[in-house]
Every structure is written in structure tokens, then in C-alpha cells.
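J.: File follows, target-v2.cif with mmCIF, C-alpha atoms:
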```
data_final
loop_
_atom_site.group_PDB
_atom_site.id
_atom_site.type_symbol
_atom_site.label_atom_id
_atom_site.label_comp_id
_atom_site.auth_asym_id
_atom_site.auth_seq_id
_atom_site.Cartn_x
_atom_site.Cartn_y
_atom_site.Cartn_z
ATOM 1 C CA MET A 1 -48.778 21.032 65.881
ATOM 2 C CA ALA A 2 -45.159 21.005 66.932
ATOM 3 C CA LEU A 3 -42.535 23.153 65.270
ATOM 4 C CA SER A 4 -40.880 20.087 63.696
ATOM 5 C CA ASP A 5 -44.194 19.105 62.056
ATOM 6 C CA ILE A 6 -44.607 22.600 60.618
ATOM 7 C CA ILE A 7 -41.078 22.602 59.188
ATOM 8 C CA LEU A 8 -41.586 19.105 57.755
ATOM 9 C CA THR A 9 -44.840 20.226 56.078
ATOM 10 C CA ILE A 10 -43.087 23.261 54.549
ATOM 11 C CA PHE A 11 -40.318 21.047 53.138
ATOM 12 C CA GLU A 12 -42.830 18.590 51.704
ATOM 13 C CA PHE A 13 -44.773 21.425 50.056
ATOM 14 C CA ALA A 14 -41.531 22.861 48.599
ATOM 15 C CA ALA A 15 -40.596 19.429 47.229
ATOM 16 C CA VAL A 16 -43.979 19.072 45.493
ATOM 17 C CA VAL A 17 -43.705 22.575 43.995
ATOM 18 C CA LEU A 18 -40.159 21.886 42.728
ATOM 19 C CA LEU A 19 -41.287 18.571 41.253
ATOM 20 C CA ILE A 20 -44.112 20.282 39.338
ATOM 21 C CA VAL A 21 -41.769 23.033 38.100
ATOM 22 C CA GLY A 22 -39.299 20.330 37.042
ATOM 23 C CA PHE A 23 -41.946 18.571 34.960
ATOM 24 C CA ILE A 24 -42.941 21.846 33.313
ATOM 25 C CA ASN A 25 -39.336 22.814 32.466
ATOM 26 C CA GLU A 26 -38.027 19.321 31.803
ATOM 27 C CA LYS A 27 -35.708 20.314 28.933
ATOM 28 C CA LYS A 28 -34.091 23.084 30.958
ATOM 29 C CA VAL A 29 -33.603 20.764 33.933
ATOM 30 C CA ALA A 30 -32.022 18.084 31.719
ATOM 31 C CA ALA A 31 -29.695 20.675 30.163
ATOM 32 C CA PHE A 32 -28.737 21.907 33.631
ATOM 33 C CA GLU A 33 -27.983 18.349 34.779
ATOM 34 C CA ALA A 34 -25.767 17.780 31.726
ATOM 35 C CA LYS A 35 -23.876 21.034 32.345
ATOM 36 C CA LEU A 36 -23.461 20.194 36.012
ATOM 37 C CA ALA A 37 -22.124 16.706 35.236
ATOM 38 C CA ARG A 38 -19.708 18.173 32.665
ATOM 39 C CA ALA A 39 -18.502 20.815 35.137
ATOM 40 C CA ILE A 40 -17.858 18.151 37.779
ATOM 41 C CA ARG A 41 -15.906 15.985 35.302
ATOM 42 C CA ILE A 42 -13.799 18.989 34.231
ATOM 43 C CA HIS A 43 -13.127 19.954 37.843
ATOM 44 C CA LEU A 44 -12.012 16.437 38.759
ATOM 45 C CA ARG A 45 -9.789 16.208 35.662
ATOM 46 C CA ASN A 46 -8.180 19.583 36.385
ATOM 47 C CA ARG A 47 -7.639 18.626 40.018
ATOM 48 C CA ARG A 48 -5.953 15.369 38.998
ATOM 49 C CA LEU A 49 -3.725 17.181 36.470
ATOM 50 C CA ARG A 50 -2.848 19.902 39.000
ATOM 51 C CA LYS A 51 -1.809 17.247 41.541
ATOM 52 C CA GLN A 52 0.348 15.541 38.894
ATOM 53 C CA ARG A 53 2.020 18.860 37.983
ATOM 54 C CA GLU A 54 2.677 19.661 41.649
ATOM 55 C CA LEU A 55 4.198 16.231 42.190
ATOM 56 C CA ALA A 56 6.376 16.590 39.070
ATOM 57 C CA ALA A 57 7.480 20.056 40.184
ATOM 58 C CA ALA A 58 8.366 18.734 43.625
ATOM 59 C CA HIS A 59 10.518 16.022 42.050
ATOM 60 C CA ALA A 60 12.115 18.506 39.637
ATOM 61 C CA ASN A 61 12.941 20.926 42.445
ATOM 62 C CA ALA A 62 14.577 18.238 44.540
ATOM 63 C CA GLN A 63 18.257 19.053 44.829
ATOM 64 C CA LYS A 64 20.228 16.375 43.042
ATOM 65 C CA ARG A 65 23.598 18.114 43.107
ATOM 66 C CA ALA A 66 25.165 21.287 44.393
ATOM 67 C CA PRO A 67 23.990 24.501 42.730
ATOM 68 C CA ALA A 68 26.316 26.014 40.129
ATOM 69 C CA ASP A 69 26.844 29.233 42.081
ATOM 70 C CA VAL A 70 28.325 27.456 45.120
ATOM 71 C CA VAL A 71 32.098 27.770 45.146
ATOM 72 C CA GLU A 72 33.779 24.570 46.114
ATOM 73 C CA GLU A 73 36.278 25.097 48.889
ATOM 74 C CA THR A 74 39.640 23.456 48.449
ATOM 75 C CA PRO A 75 41.625 22.550 51.553
ATOM 76 C CA ILE A 76 44.912 24.316 52.194
ATOM 77 C CA ILE A 77 47.666 22.256 53.735
ATOM 78 C CA SER A 78 50.032 23.994 56.085
ATOM 79 C CA ILE A 79 52.942 22.502 57.934
ATOM 80 C CA THR A 80 53.755 23.896 61.356
ATOM 81 C CA ASP A 81 56.043 22.320 63.916
ATOM 82 C CA GLY A 82 56.451 19.270 61.757
ATOM 83 C CA LYS A 83 52.717 18.462 61.815
ATOM 84 C CA ILE A 84 50.507 18.609 58.768
ATOM 85 C CA ARG A 85 47.218 20.389 59.364
ATOM 86 C CA ASN A 86 44.383 20.845 56.884
ATOM 87 C CA PHE A 87 42.577 24.134 56.773
ATOM 88 C CA HIS A 88 39.659 25.191 54.665
ATOM 89 C CA VAL A 89 39.389 28.543 52.971
ATOM 90 C CA ALA A 90 36.644 30.529 54.659
#
```
Take the structure from the file and write it as C-alpha cells.

T.:
Amino acid sequence: MALSDIILTIFEFAAVVLLIVGFINEKKVAAFEAKLARAIRIHLRNRRLRKQRELAAAHANAQKRAPADVVEETPIISITDGKIRNFHVA
């Protein structure tokens, strides 16, 4: 027998054993399936809500105007040699 045949036989035997155990503990298996389905639904819902919150936070953090702590610089006009030049306060 080749190695692949041996491995295939082991997997088939394991599947039969798990099927028999599943029939014996049918209520426990059904309860596990229900819990697993519920956990998957909760995970998908939480993931969707988390993505929505991240998107909302990204839109809220988008800068719509200058921050309040930024001092607006006003230009100072100086006249030298008859020419008007604008300078900004640094």
C-alpha cells in the first residue's frame, strides 16, 4: 500500500468514528452548532458596526476648518521708498 492510501484509510476511519460519536451525542452536537452559528452572527454584526464606527470617526476627524488654537496672521503694510509692501507677522 502506498502512503497516500494509508493516510486516506486513516481519514475514512476517523470520519466513521466521528459520525458514530455524533449520533450518540446528537443533542450536544446540535447545541454546539447553534452556539457556533450564534457566535458567527455576533462576530459579523460586531465587525460591521466596528467598520461603521471607524468610517464615522474618519469623517468626524476630517478637518473642516482651522483649529481654534491657530493664530491667524494679519498682514502688516509698510511703505518704503514710495512702494507698498505687505509683510506677514512671523

J.: For a test of reading the model, state the distance in Å between atom CA of Met1 of chain A and atom CA of Val17 of chain A, rounded to one decimal.

T.: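 Atom CA of Val17 of chain A lies 22.5 Å from atom CA of Met1 of chain A.
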
J.: What is the distance between atom CA of Phe13 of chain A and atom CA of Glu33 of chain A, in Å to one decimal?

T.: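 It comes out at 22.9 Å.
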
J.: Given 3 Å of margin on each side, can you work out the centre and size in Å (one decimal) of an axis-aligned box holding every listed atom of segment 29-36 of chain A, as JSON?

T.:
```
{"center_x": -28.5, "center_y": 19.8, "center_z": 33.1, "size_x": 16.1, "size_y": 10.1, "size_z": 11.8}
```

J.: Could you check how far atom CA of Ile40 of chain A sits from atom CA of Gly22 of chain A, in Å to one decimal?

T.: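 Here the two named atoms are 21.6 Å from each other.
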
J.: Kindly add N, CA and C atoms to the incomplete segment 26-40 of chain A and provide the output as a compact mmCIF listing (two decimals), keeping the file's coordinate frame.

T.:
```txt
# COMPACT_ATOMS: atom_id res chain seq x y z
N GLU A 26 -38.83 20.54 31.83
CA GLU A 26 -38.03 19.32 31.80
C GLU A 26 -36.77 19.48 30.95
N LYS A 27 -36.87 20.15 29.81
CA LYS A 27 -35.71 20.31 28.93
C LYS A 27 -34.63 21.17 29.61
N LYS A 28 -35.06 22.22 30.28
CA LYS A 28 -34.09 23.08 30.96
C LYS A 28 -33.41 22.33 32.11
N VAL A 29 -34.17 21.54 32.83
CA VAL A 29 -33.60 20.76 33.93
C VAL A 29 -32.60 19.74 33.40
N ALA A 30 -32.93 19.07 32.31
CA ALA A 30 -32.02 18.08 31.72
C ALA A 30 -30.74 18.76 31.23
N ALA A 31 -30.88 19.94 30.62
CA ALA A 31 -29.70 20.68 30.16
C ALA A 31 -28.83 21.09 31.36
N PHE A 32 -29.48 21.52 32.44
CA PHE A 32 -28.74 21.91 33.63
C PHE A 32 -27.99 20.71 34.21
N GLU A 33 -28.64 19.55 34.26
CA GLU A 33 -27.98 18.35 34.78
C GLU A 33 -26.77 17.98 33.93
N ALA A 34 -26.89 18.10 32.61
CA ALA A 34 -25.77 17.78 31.73
C ALA A 34 -24.61 18.75 31.95
N LYS A 35 -24.93 20.04 32.09
CA LYS A 35 -23.88 21.03 32.34
C LYS A 35 -23.21 20.80 33.69
N LEU A 36 -24.02 20.45 34.69
CA LEU A 36 -23.46 20.19 36.01
C LEU A 36 -22.55 18.97 36.00
N ALA A 37 -22.96 17.91 35.33
CA ALA A 37 -22.12 16.71 35.24
C ALA A 37 -20.82 17.01 34.49
N ARG A 38 -20.91 17.80 33.42
CA ARG A 38 -19.71 18.17 32.66
C ARG A 38 -18.77 19.01 33.52
N ALA A 39 -19.32 19.96 34.28
CA ALA A 39 -18.50 20.82 35.14
C ALA A 39 -17.80 19.98 36.21
N ILE A 40 -18.48 19.00 36.76
CA ILE A 40 -17.86 18.15 37.78
C ILE A 40 -16.73 17.32 37.17
```
